[in-house]
Amino acid sequence: MTAEREVRFLEVRNARKSFASGNRQIEVLKGIELTVDSGKLTMLRGRSGSGKTTLLNLMGGLDRPTAGEVWFRNRPLHQWGDKQLTVVRRREIGFIFQSFALLPLLTAWENVQLSLRMAGIPRTDWQARTEKCLDLVGLTKRMFHRPLELSGGEQQRVAIAKAIAHRPLLLLADEPTAELDSRMAAHIISVFKDVVEAEGIAICMTTHDTALWGAADVVYQMVDGRIVPA
Ligand SMILES: Nc1ncnc2c1ncn2[C@@H]1O[C@H](COP(=O)(O)OP(=O)(O)OP(=O)(O)O)[C@@H](O)[C@H]1O
């Protein structure tokens, strides 16, 4: 009898990723083992070039490993084609990148609403969900401002509201605090903790900001394409 495998929310198993550089292959991920759970804030720390973004891309189905496995809710993303990955990304995953990715001519409200429209959420749900998400990130009073009328931290909070609006189960954030001062960065992390608690989702973010690690439920440290004890 074979033992049943415990199913985790997101599992990366012995993942490798190489890129071609001229006629050489550069191995950027060298056998990554990692799990991410719902209701937890997970941080990936490591120097620039250690492979954090490459790993995040595998976890979010933006790219596939050269070898190894990525299981998301017990489904093998490493075996999936582009169409299936696009569907899972659109429905179940939210992304936040370093640059805020807000549309400059739209208000905070309109930016969040746009992501509901893109995700195919029924129009009748837009108002309540937009209000809820902007409230969760503490921007109720500024929801009719355009990005340029908001501070960097406020813009990033709009980006969070936008990324969680369609109720993803997993939120991936690549250096979400890199362009913010330490006070704003701490605020963004407290918003992440509120989102984890209020929505019960999993958040995995990369950061090299030492001051933030203490707020994580789980920290993985990356060195040169490998996970080492944090
Ligand atoms: N598409 C690609 N083609 C070739 N090399 C790549 C590609 N993507 C990433 N790399 C290389 O892989 C290494 C790791 O990059 P990655 O962006 O994952 O690191 P990182 O830890 O996120 O760094 P940073 O903190 O600077 O964003 C780098 O040396 C980078 O040049």
# chains A, B, ... in the order shown; residues from 1 in each chain; ligands from 1
$ residues_near_ligand --ligand "ligand 1" --cutoff "9 Å" --atoms "only C-alpha atoms and all ligand atoms" --output "count of residues only"
32
$ residues_around --residues "Cys204 (chain A)" --least-positions-apart "3" --cutoff "9 Å" --atoms "only C-alpha atoms" --output "JSON, numbers by chain"
{"A": [36, 40, 41, 42, 43, 44, 56, 170, 171, 172, 173, 174]}
$ write_last_selection --atoms "C-alpha atoms" --output "mmCIF file, in the first residue's frame"
data_model
loop_
_atom_site.group_PDB
_atom_site.id
_atom_site.type_symbol
_atom_site.label_atom_id
_atom_site.label_comp_id
_atom_site.auth_asym_id
_atom_site.auth_seq_id
_atom_site.Cartn_x
_atom_site.Cartn_y
_atom_site.Cartn_z
ATOM 1 C CA VAL A 36 3.023 27.935 0.762
ATOM 2 C CA LYS A 40 -0.170 32.684 5.926
ATOM 3 C CA LEU A 41 2.186 35.430 4.849
ATOM 4 C CA THR A 42 5.264 33.811 3.328
ATOM 5 C CA MET A 43 8.384 35.804 2.474
ATOM 6 C CA LEU A 44 11.188 34.910 0.114
ATOM 7 C CA LEU A 56 7.656 33.558 -8.095
ATOM 8 C CA LEU A 170 -2.964 33.197 -3.854
ATOM 9 C CA LEU A 171 -1.415 36.660 -3.995
ATOM 10 C CA LEU A 172 2.146 36.912 -5.300
ATOM 11 C CA ALA A 173 4.035 40.140 -4.761
ATOM 12 C CA ASP A 174 7.492 40.846 -6.167
#
$ residues_around --residues "region 117-127 of chain A" --least-positions-apart "4" --cutoff "12 Å" --atoms "only C-alpha atoms" --output "PyMOL selection string"
chain A and resi 86-94+109-113+131-134+162-168
$ write_last_selection --atoms "N, CA and C atoms" --output "mmCIF file, in the first residue's frame"
data_model
loop_
_atom_site.group_PDB
_atom_site.id
_atom_site.type_symbol
_atom_site.label_atom_id
_atom_site.label_comp_id
_atom_site.auth_asym_id
_atom_site.auth_seq_id
_atom_site.Cartn_x
_atom_site.Cartn_y
_atom_site.Cartn_z
ATOM 1 N N THR A 86 -3.297 30.308 -18.114
ATOM 2 C CA THR A 86 -3.943 31.631 -18.164
ATOM 3 C C THR A 86 -5.244 31.613 -17.369
ATOM 4 N N VAL A 87 -6.004 30.533 -17.491
ATOM 5 C CA VAL A 87 -7.284 30.459 -16.769
ATOM 6 C C VAL A 87 -7.042 30.437 -15.257
ATOM 7 N N VAL A 88 -6.090 29.626 -14.821
ATOM 8 C CA VAL A 88 -5.850 29.532 -13.371
ATOM 9 C C VAL A 88 -5.310 30.860 -12.837
ATOM 10 N N ARG A 89 -4.456 31.503 -13.616
ATOM 11 C CA ARG A 89 -3.939 32.817 -13.180
ATOM 12 C C ARG A 89 -5.057 33.827 -13.050
ATOM 13 N N ARG A 90 -5.907 33.869 -14.062
ATOM 14 C CA ARG A 90 -6.962 34.883 -14.076
ATOM 15 C C ARG A 90 -7.946 34.682 -12.926
ATOM 16 N N ARG A 91 -8.257 33.410 -12.623
ATOM 17 C CA ARG A 91 -9.299 33.149 -11.619
ATOM 18 C C ARG A 91 -8.770 33.073 -10.202
ATOM 19 N N GLU A 92 -7.556 32.539 -10.047
ATOM 20 C CA GLU A 92 -7.174 32.131 -8.690
ATOM 21 C C GLU A 92 -5.940 32.832 -8.132
ATOM 22 N N ILE A 93 -5.268 33.607 -8.988
ATOM 23 C CA ILE A 93 -4.014 34.213 -8.527
ATOM 24 C C ILE A 93 -4.045 35.718 -8.765
ATOM 25 N N GLY A 94 -3.501 36.479 -7.820
ATOM 26 C CA GLY A 94 -3.353 37.926 -8.000
ATOM 27 C C GLY A 94 -1.869 38.259 -7.981
ATOM 28 N N TRP A 109 -10.852 53.849 -7.506
ATOM 29 C CA TRP A 109 -12.089 53.070 -7.655
ATOM 30 C C TRP A 109 -12.154 52.395 -9.032
ATOM 31 N N GLU A 110 -11.896 53.178 -10.068
ATOM 32 C CA GLU A 110 -11.990 52.645 -11.439
ATOM 33 C C GLU A 110 -10.911 51.601 -11.717
ATOM 34 N N ASN A 111 -9.730 51.815 -11.125
ATOM 35 C CA ASN A 111 -8.660 50.829 -11.296
ATOM 36 C C ASN A 111 -9.063 49.470 -10.717
ATOM 37 N N VAL A 112 -9.663 49.498 -9.527
ATOM 38 C CA VAL A 112 -10.069 48.245 -8.887
ATOM 39 C C VAL A 112 -11.217 47.606 -9.677
ATOM 40 N N GLN A 113 -12.146 48.445 -10.091
ATOM 41 C CA GLN A 113 -13.306 47.939 -10.828
ATOM 42 C C GLN A 113 -12.882 47.283 -12.157
ATOM 43 N N GLU A 131 -15.700 48.617 -3.022
ATOM 44 C CA GLU A 131 -15.713 49.309 -1.725
ATOM 45 C C GLU A 131 -15.017 48.483 -0.662
ATOM 46 N N LYS A 132 -15.322 47.190 -0.631
ATOM 47 C CA LYS A 132 -14.737 46.303 0.384
ATOM 48 C C LYS A 132 -13.209 46.295 0.283
ATOM 49 N N CYS A 133 -12.702 46.178 -0.950
ATOM 50 C CA CYS A 133 -11.247 46.063 -1.136
ATOM 51 C C CYS A 133 -10.543 47.377 -0.801
ATOM 52 N N LEU A 134 -11.140 48.487 -1.201
ATOM 53 C CA LEU A 134 -10.504 49.779 -0.884
ATOM 54 C C LEU A 134 -10.580 50.059 0.613
ATOM 55 N N LYS A 162 -6.564 46.147 -6.067
ATOM 56 C CA LYS A 162 -6.803 45.690 -7.438
ATOM 57 C C LYS A 162 -6.445 44.196 -7.584
ATOM 58 N N ALA A 163 -5.376 43.800 -6.947
ATOM 59 C CA ALA A 163 -4.911 42.412 -7.086
ATOM 60 C C ALA A 163 -5.784 41.414 -6.325
ATOM 61 N N ILE A 164 -6.481 41.876 -5.278
ATOM 62 C CA ILE A 164 -7.305 40.928 -4.507
ATOM 63 C C ILE A 164 -8.785 41.008 -4.871
ATOM 64 N N ALA A 165 -9.146 41.970 -5.750
ATOM 65 C CA ALA A 165 -10.568 42.232 -6.008
ATOM 66 C C ALA A 165 -11.313 41.000 -6.512
ATOM 67 N N HIS A 166 -10.707 40.224 -7.368
ATOM 68 C CA HIS A 166 -11.399 39.062 -7.945
ATOM 69 C C HIS A 166 -11.334 37.836 -7.039
ATOM 70 N N ARG A 167 -10.966 38.059 -5.781
ATOM 71 C CA ARG A 167 -10.891 37.006 -4.768
ATOM 72 C C ARG A 167 -9.928 35.885 -5.141
ATOM 73 N N PRO A 168 -8.667 36.228 -5.426
ATOM 74 C CA PRO A 168 -7.707 35.159 -5.700
ATOM 75 C C PRO A 168 -7.448 34.365 -4.427
#
$ atom_distance --atom1 "CA of Ala202 (chain A)" --atom2 "CA of Gln79 (chain A)"
22.5 Å
$ closest_residue --among "A:Leu136, A:Met143, A:Leu114, A:Ala159" --to "Ala101 (chain A)" --atoms "only C-alpha atoms"
A:Ala159
$ atom_distance --atom1 "CA of Ser190 (chain A)" --atom2 "CA of Gly138 (chain A)"
10.9 Å
$ select_by_dssp --residues "region 54-222 of chain A" --states "helix (DSSP H, G or I)" --output "CSV table (one decimal) with N, CA and C atoms, in the first residue's frame"
chain,number,residue,atom,x,y,z
A,54,THR,N,12.3,34.6,-10.5
A,54,THR,CA,12.1,33.4,-11.3
A,54,THR,C,11.2,32.4,-10.6
A,55,LEU,N,11.5,32.2,-9.3
A,55,LEU,CA,10.7,31.3,-8.5
A,55,LEU,C,9.2,31.7,-8.4
A,56,LEU,N,9.0,33.0,-8.2
A,56,LEU,CA,7.7,33.6,-8.1
A,56,LEU,C,6.9,33.3,-9.4
A,57,ASN,N,7.6,33.5,-10.5
A,57,ASN,CA,7.0,33.3,-11.8
A,57,ASN,C,6.5,31.8,-12.0
A,58,LEU,N,7.3,30.9,-11.5
A,58,LEU,CA,6.9,29.5,-11.5
A,58,LEU,C,5.7,29.2,-10.7
A,59,MET,N,5.7,29.8,-9.5
A,59,MET,CA,4.6,29.6,-8.5
A,59,MET,C,3.3,30.2,-9.1
A,77,LEU,N,0.9,22.4,-12.2
A,77,LEU,CA,1.1,23.5,-13.1
A,77,LEU,C,2.3,23.3,-14.1
A,78,HIS,N,3.3,22.5,-13.6
A,78,HIS,CA,4.5,22.2,-14.5
A,78,HIS,C,4.1,21.4,-15.8
A,79,GLN,N,2.9,20.8,-15.7
A,79,GLN,CA,2.5,20.0,-16.9
A,79,GLN,C,1.5,20.7,-17.8
A,82,ASP,N,-0.2,26.8,-22.0
A,82,ASP,CA,-0.4,28.2,-21.7
A,82,ASP,C,-1.9,28.5,-21.5
A,83,LYS,N,-2.8,27.9,-22.2
A,83,LYS,CA,-4.2,28.2,-22.0
A,83,LYS,C,-4.7,27.9,-20.6
A,84,GLN,N,-4.4,26.7,-20.1
A,84,GLN,CA,-4.8,26.3,-18.8
A,84,GLN,C,-4.2,27.2,-17.7
A,85,LEU,N,-2.9,27.6,-17.9
A,85,LEU,CA,-2.2,28.5,-17.0
A,85,LEU,C,-2.9,29.8,-16.9
A,86,THR,N,-3.3,30.3,-18.1
A,86,THR,CA,-3.9,31.6,-18.2
A,86,THR,C,-5.2,31.6,-17.4
A,87,VAL,N,-6.0,30.5,-17.5
A,87,VAL,CA,-7.3,30.5,-16.8
A,87,VAL,C,-7.0,30.4,-15.3
A,88,VAL,N,-6.1,29.6,-14.8
A,88,VAL,CA,-5.9,29.5,-13.4
A,88,VAL,C,-5.3,30.9,-12.8
A,89,ARG,N,-4.5,31.5,-13.6
A,89,ARG,CA,-3.9,32.8,-13.2
A,89,ARG,C,-5.1,33.8,-13.1
A,90,ARG,N,-5.9,33.9,-14.1
A,90,ARG,CA,-7.0,34.9,-14.1
A,90,ARG,C,-7.9,34.7,-12.9
A,91,ARG,N,-8.3,33.4,-12.6
A,91,ARG,CA,-9.3,33.1,-11.6
A,91,ARG,C,-8.8,33.1,-10.2
A,92,GLU,N,-7.6,32.5,-10.0
A,92,GLU,CA,-7.2,32.1,-8.7
A,92,GLU,C,-5.9,32.8,-8.1
A,108,ALA,N,-8.7,55.5,-8.2
A,108,ALA,CA,-8.5,54.2,-7.5
A,108,ALA,C,-9.7,53.3,-7.7
A,109,TRP,N,-10.9,53.8,-7.5
A,109,TRP,CA,-12.1,53.1,-7.7
A,109,TRP,C,-12.2,52.4,-9.0
A,110,GLU,N,-11.9,53.2,-10.1
A,110,GLU,CA,-12.0,52.6,-11.4
A,110,GLU,C,-10.9,51.6,-11.7
A,111,ASN,N,-9.7,51.8,-11.1
A,111,ASN,CA,-8.7,50.8,-11.3
A,111,ASN,C,-9.1,49.5,-10.7
A,112,VAL,N,-9.7,49.5,-9.5
A,112,VAL,CA,-10.1,48.2,-8.9
A,112,VAL,C,-11.2,47.6,-9.7
A,113,GLN,N,-12.1,48.4,-10.1
A,113,GLN,CA,-13.3,47.9,-10.8
A,113,GLN,C,-12.9,47.3,-12.2
A,114,LEU,N,-11.9,47.9,-12.8
A,114,LEU,CA,-11.4,47.3,-14.0
A,114,LEU,C,-10.9,45.9,-13.9
A,115,SER,N,-10.3,45.6,-12.7
A,115,SER,CA,-9.8,44.2,-12.6
A,115,SER,C,-11.0,43.2,-12.4
A,116,LEU,N,-12.1,43.7,-11.8
A,116,LEU,CA,-13.3,42.9,-11.7
A,116,LEU,C,-13.9,42.6,-13.0
A,117,ARG,N,-13.9,43.6,-13.8
A,117,ARG,CA,-14.4,43.5,-15.2
A,117,ARG,C,-13.6,42.5,-16.0
A,118,MET,N,-12.2,42.7,-15.9
A,118,MET,CA,-11.3,41.8,-16.6
A,118,MET,C,-11.5,40.3,-16.2
A,123,ARG,N,-21.3,42.3,-13.1
A,123,ARG,CA,-21.4,43.8,-12.9
A,123,ARG,C,-22.1,44.1,-11.5
A,124,THR,N,-23.1,43.3,-11.2
A,124,THR,CA,-23.9,43.6,-10.0
A,124,THR,C,-23.0,43.5,-8.7
A,125,ASP,N,-21.9,42.8,-8.8
A,125,ASP,CA,-21.0,42.7,-7.6
A,125,ASP,C,-19.9,43.7,-7.5
A,126,TRP,N,-19.8,44.5,-8.6
A,126,TRP,CA,-18.6,45.4,-8.7
A,126,TRP,C,-18.6,46.4,-7.5
A,127,GLN,N,-19.7,47.1,-7.3
A,127,GLN,CA,-19.7,48.2,-6.3
A,127,GLN,C,-19.3,47.7,-4.9
A,128,ALA,N,-20.0,46.7,-4.5
A,128,ALA,CA,-19.7,46.2,-3.1
A,128,ALA,C,-18.3,45.7,-3.0
A,129,ARG,N,-17.8,45.0,-4.0
A,129,ARG,CA,-16.5,44.4,-3.9
A,129,ARG,C,-15.4,45.5,-3.9
A,130,THR,N,-15.6,46.5,-4.8
A,130,THR,CA,-14.6,47.6,-4.9
A,130,THR,C,-14.5,48.3,-3.6
A,131,GLU,N,-15.7,48.6,-3.0
A,131,GLU,CA,-15.7,49.3,-1.7
A,131,GLU,C,-15.0,48.5,-0.7
A,132,LYS,N,-15.3,47.2,-0.6
A,132,LYS,CA,-14.7,46.3,0.4
A,132,LYS,C,-13.2,46.3,0.3
A,133,CYS,N,-12.7,46.2,-1.0
A,133,CYS,CA,-11.2,46.1,-1.1
A,133,CYS,C,-10.5,47.4,-0.8
A,134,LEU,N,-11.1,48.5,-1.2
A,134,LEU,CA,-10.5,49.8,-0.9
A,134,LEU,C,-10.6,50.1,0.6
A,135,ASP,N,-11.6,49.6,1.2
A,135,ASP,CA,-11.8,49.7,2.7
A,135,ASP,C,-10.7,48.9,3.4
A,136,LEU,N,-10.5,47.7,2.9
A,136,LEU,CA,-9.5,46.8,3.5
A,136,LEU,C,-8.1,47.4,3.5
A,140,THR,N,-10.7,54.2,1.8
A,140,THR,CA,-12.0,54.6,1.6
A,140,THR,C,-12.1,56.1,1.2
A,141,LYS,N,-11.3,56.9,1.9
A,141,LYS,CA,-11.4,58.4,1.8
A,141,LYS,C,-10.8,58.9,0.5
A,142,ARG,N,-10.0,58.1,-0.1
A,142,ARG,CA,-9.2,58.5,-1.3
A,142,ARG,C,-9.6,57.8,-2.6
A,147,PRO,N,-4.0,58.0,-9.5
A,147,PRO,CA,-2.7,57.6,-9.0
A,147,PRO,C,-1.8,58.7,-8.7
A,148,LEU,N,-1.7,59.7,-9.6
A,148,LEU,CA,-0.7,60.8,-9.4
A,148,LEU,C,-1.1,61.7,-8.2
A,149,GLU,N,-2.3,61.6,-7.8
A,149,GLU,CA,-2.8,62.4,-6.6
A,149,GLU,C,-2.6,61.6,-5.3
A,152,GLY,N,3.2,57.2,-2.9
A,152,GLY,CA,3.7,55.9,-3.4
A,152,GLY,C,3.0,54.7,-2.6
A,153,GLY,N,2.9,54.9,-1.2
A,153,GLY,CA,2.3,53.9,-0.4
A,153,GLY,C,0.9,53.7,-0.7
A,154,GLU,N,0.2,54.8,-0.9
A,154,GLU,CA,-1.2,54.8,-1.3
A,154,GLU,C,-1.4,54.1,-2.6
A,155,GLN,N,-0.6,54.4,-3.6
A,155,GLN,CA,-0.7,53.7,-4.9
A,155,GLN,C,-0.5,52.2,-4.8
A,156,GLN,N,0.5,51.9,-3.9
A,156,GLN,CA,0.7,50.4,-3.7
A,156,GLN,C,-0.5,49.8,-3.1
A,157,ARG,N,-1.2,50.5,-2.2
A,157,ARG,CA,-2.4,50.0,-1.5
A,157,ARG,C,-3.5,49.8,-2.6
A,158,VAL,N,-3.6,50.7,-3.5
A,158,VAL,CA,-4.6,50.6,-4.6
A,158,VAL,C,-4.2,49.3,-5.4
A,159,ALA,N,-2.9,49.1,-5.7
A,159,ALA,CA,-2.5,47.9,-6.4
A,159,ALA,C,-2.9,46.6,-5.7
A,160,ILE,N,-2.8,46.7,-4.3
A,160,ILE,CA,-3.2,45.5,-3.5
A,160,ILE,C,-4.7,45.3,-3.7
A,161,ALA,N,-5.5,46.4,-3.5
A,161,ALA,CA,-6.9,46.2,-3.7
A,161,ALA,C,-7.3,45.7,-5.0
A,162,LYS,N,-6.6,46.1,-6.1
A,162,LYS,CA,-6.8,45.7,-7.4
A,162,LYS,C,-6.4,44.2,-7.6
A,163,ALA,N,-5.4,43.8,-6.9
A,163,ALA,CA,-4.9,42.4,-7.1
A,163,ALA,C,-5.8,41.4,-6.3
A,164,ILE,N,-6.5,41.9,-5.3
A,164,ILE,CA,-7.3,40.9,-4.5
A,164,ILE,C,-8.8,41.0,-4.9
A,182,SER,N,10.5,53.3,4.9
A,182,SER,CA,10.4,52.2,5.8
A,182,SER,C,9.0,52.2,6.5
A,183,ARG,N,8.5,53.4,6.7
A,183,ARG,CA,7.1,53.6,7.4
A,183,ARG,C,6.1,53.0,6.5
A,184,MET,N,6.1,53.4,5.2
A,184,MET,CA,5.2,53.0,4.2
A,184,MET,C,5.3,51.4,4.0
A,185,ALA,N,6.5,51.0,4.0
A,185,ALA,CA,6.7,49.5,3.8
A,185,ALA,C,6.1,48.7,4.9
A,186,ALA,N,6.3,49.2,6.2
A,186,ALA,CA,5.7,48.5,7.3
A,186,ALA,C,4.1,48.6,7.2
A,187,HIS,N,3.6,49.7,6.7
A,187,HIS,CA,2.2,49.8,6.5
A,187,HIS,C,1.7,48.8,5.5
A,188,ILE,N,2.4,48.6,4.4
A,188,ILE,CA,2.0,47.7,3.4
A,188,ILE,C,1.9,46.2,3.9
A,189,ILE,N,2.9,45.9,4.8
A,189,ILE,CA,3.0,44.6,5.4
A,189,ILE,C,1.8,44.4,6.3
A,190,SER,N,1.4,45.5,7.0
A,190,SER,CA,0.3,45.3,7.9
A,190,SER,C,-1.0,45.1,7.1
A,191,VAL,N,-1.1,45.8,5.9
A,191,VAL,CA,-2.2,45.6,5.1
A,191,VAL,C,-2.2,44.1,4.6
A,192,PHE,N,-1.1,43.6,4.2
A,192,PHE,CA,-1.0,42.2,3.8
A,192,PHE,C,-1.5,41.2,4.9
A,193,LYS,N,-1.1,41.5,6.1
A,193,LYS,CA,-1.6,40.7,7.2
A,193,LYS,C,-3.1,40.7,7.4
A,194,ASP,N,-3.6,42.0,7.2
A,194,ASP,CA,-5.1,42.1,7.3
A,194,ASP,C,-5.8,41.3,6.2
A,195,VAL,N,-5.2,41.4,5.0
A,195,VAL,CA,-5.8,40.7,3.9
A,195,VAL,C,-5.7,39.2,4.1
A,196,VAL,N,-4.6,38.7,4.6
A,196,VAL,CA,-4.5,37.2,4.9
A,196,VAL,C,-5.6,36.8,5.8
A,197,GLU,N,-5.8,37.6,6.8
A,197,GLU,CA,-6.8,37.3,7.8
A,197,GLU,C,-8.2,37.4,7.3
A,198,ALA,N,-8.5,38.6,6.7
A,198,ALA,CA,-9.9,38.8,6.2
A,198,ALA,C,-10.3,37.9,5.1
A,199,GLU,N,-9.4,37.6,4.2
A,199,GLU,CA,-9.8,36.9,3.0
A,199,GLU,C,-9.3,35.4,3.1
A,210,THR,N,15.4,43.7,5.5
A,210,THR,CA,15.6,42.9,6.7
A,210,THR,C,14.5,43.3,7.8
A,211,ALA,N,14.1,44.6,7.7
A,211,ALA,CA,13.1,45.0,8.8
A,211,ALA,C,11.8,44.4,8.7
A,212,LEU,N,11.5,43.8,7.5
A,212,LEU,CA,10.1,43.2,7.3
A,212,LEU,C,10.0,41.7,7.7
A,213,TRP,N,11.1,41.0,7.7
A,213,TRP,CA,11.0,39.6,7.9
A,213,TRP,C,10.3,39.1,9.1
A,214,GLY,N,10.4,39.9,10.2
A,214,GLY,CA,9.8,39.5,11.5
A,214,GLY,C,8.3,39.4,11.3
A,215,ALA,N,7.7,40.1,10.4
A,215,ALA,CA,6.2,40.1,10.2
A,215,ALA,C,5.7,38.8,9.5
$ atom_distance --atom1 "CA of Gly61 (chain A)" --atom2 "CA of Arg8 (chain A)"
16.6 Å
$ select_by_dssp --residues "region 22-185 of chain A" --states "strand (DSSP E or B)" --output "tab-separated table (two decimals) with N, CA and C atoms, in the first residue's frame"
chain	number	residue	atom	x	y	z
A	24	ARG	N	25.25	28.87	-24.03
A	24	ARG	CA	25.33	28.24	-22.70
A	24	ARG	C	23.95	28.21	-22.05
A	25	GLN	N	23.79	27.31	-21.09
A	25	GLN	CA	22.58	27.30	-20.27
A	25	GLN	C	22.98	27.80	-18.88
A	26	ILE	N	22.23	28.81	-18.38
A	26	ILE	CA	22.52	29.27	-17.02
A	26	ILE	C	21.44	28.71	-16.11
A	27	GLU	N	21.85	27.98	-15.07
A	27	GLU	CA	20.87	27.42	-14.15
A	27	GLU	C	20.61	28.43	-13.03
A	28	VAL	N	19.39	28.96	-13.03
A	28	VAL	CA	19.03	30.02	-12.07
A	28	VAL	C	18.38	29.42	-10.82
A	29	LEU	N	17.57	28.37	-10.99
A	29	LEU	CA	17.01	27.66	-9.83
A	29	LEU	C	17.58	26.25	-9.84
A	30	LYS	N	18.08	25.82	-8.65
A	30	LYS	CA	18.88	24.59	-8.61
A	30	LYS	C	18.28	23.54	-7.68
A	31	GLY	N	16.98	23.29	-7.82
A	31	GLY	CA	16.36	22.26	-6.98
A	31	GLY	C	15.65	22.86	-5.79
A	32	ILE	N	14.60	23.64	-6.09
A	32	ILE	CA	13.88	24.35	-5.02
A	32	ILE	C	12.80	23.46	-4.41
A	33	GLU	N	12.76	23.42	-3.07
A	33	GLU	CA	11.69	22.75	-2.32
A	33	GLU	C	11.03	23.82	-1.46
A	34	LEU	N	9.73	24.00	-1.64
A	34	LEU	CA	9.06	25.05	-0.87
A	34	LEU	C	7.56	24.78	-0.82
A	35	THR	N	6.92	25.15	0.27
A	35	THR	CA	5.46	25.07	0.34
A	35	THR	C	4.91	26.40	0.83
A	36	VAL	N	3.72	26.72	0.34
A	36	VAL	CA	3.02	27.93	0.76
A	36	VAL	C	1.63	27.50	1.20
A	41	LEU	N	1.34	34.51	5.61
A	41	LEU	CA	2.19	35.43	4.85
A	41	LEU	C	3.58	34.81	4.76
A	42	THR	N	3.96	34.45	3.55
A	42	THR	CA	5.26	33.81	3.33
A	42	THR	C	6.18	34.81	2.64
A	43	MET	N	7.42	34.90	3.12
A	43	MET	CA	8.38	35.80	2.47
A	43	MET	C	9.56	35.01	1.92
A	44	LEU	N	9.99	35.46	0.76
A	44	LEU	CA	11.19	34.91	0.11
A	44	LEU	C	12.24	35.99	0.18
A	45	ARG	N	13.33	35.73	0.87
A	45	ARG	CA	14.36	36.76	0.96
A	45	ARG	C	15.61	36.28	0.24
A	46	GLY	N	16.42	37.22	-0.16
A	46	GLY	CA	17.64	36.83	-0.86
A	46	GLY	C	18.18	38.00	-1.65
A	67	ALA	N	12.85	21.53	-14.94
A	67	ALA	CA	12.65	20.20	-14.35
A	67	ALA	C	12.02	20.41	-12.99
A	68	GLY	N	11.40	19.35	-12.45
A	68	GLY	CA	10.76	19.46	-11.15
A	68	GLY	C	9.28	19.78	-11.29
A	69	GLU	N	8.64	20.03	-10.14
A	69	GLU	CA	7.18	20.11	-10.12
A	69	GLU	C	6.68	21.35	-9.38
A	70	VAL	N	5.54	21.86	-9.84
A	70	VAL	CA	4.83	22.93	-9.13
A	70	VAL	C	3.38	22.51	-9.02
A	71	TRP	N	2.95	22.23	-7.79
A	71	TRP	CA	1.56	21.80	-7.56
A	71	TRP	C	0.80	22.93	-6.92
A	72	PHE	N	-0.29	23.36	-7.55
A	72	PHE	CA	-1.14	24.42	-6.98
A	72	PHE	C	-2.52	23.82	-6.75
A	75	ARG	N	-2.91	20.55	-8.33
A	75	ARG	CA	-2.90	20.45	-9.80
A	75	ARG	C	-1.49	20.75	-10.31
A	76	PRO	N	-1.03	19.98	-11.30
A	76	PRO	CA	0.38	20.08	-11.74
A	76	PRO	C	0.62	21.21	-12.73
A	93	ILE	N	-5.27	33.61	-8.99
A	93	ILE	CA	-4.01	34.21	-8.53
A	93	ILE	C	-4.05	35.72	-8.77
A	94	GLY	N	-3.50	36.48	-7.82
A	94	GLY	CA	-3.35	37.93	-8.00
A	94	GLY	C	-1.87	38.26	-7.98
A	95	PHE	N	-1.48	39.26	-8.73
A	95	PHE	CA	-0.06	39.64	-8.82
A	95	PHE	C	0.12	41.11	-8.45
A	96	ILE	N	1.21	41.39	-7.73
A	96	ILE	CA	1.60	42.77	-7.47
A	96	ILE	C	3.07	42.89	-7.83
A	170	LEU	N	-4.40	32.98	-4.06
A	170	LEU	CA	-2.96	33.20	-3.85
A	170	LEU	C	-2.61	34.58	-4.38
A	171	LEU	N	-1.90	35.35	-3.56
A	171	LEU	CA	-1.41	36.66	-3.99
A	171	LEU	C	0.11	36.62	-4.00
A	172	LEU	N	0.69	36.91	-5.16
A	172	LEU	CA	2.15	36.91	-5.30
A	172	LEU	C	2.61	38.34	-5.49
A	173	ALA	N	3.59	38.75	-4.70
A	173	ALA	CA	4.03	40.14	-4.76
A	173	ALA	C	5.56	40.18	-4.87
A	174	ASP	N	6.05	40.79	-5.93
A	174	ASP	CA	7.49	40.85	-6.17
A	174	ASP	C	8.04	42.19	-5.70
$ closest_residue --among "A:Ala15, A:Leu103, A:Leu10, A:Gly22" --to "Gly60 (chain A)" --atoms "only C-alpha atoms"
A:Leu10
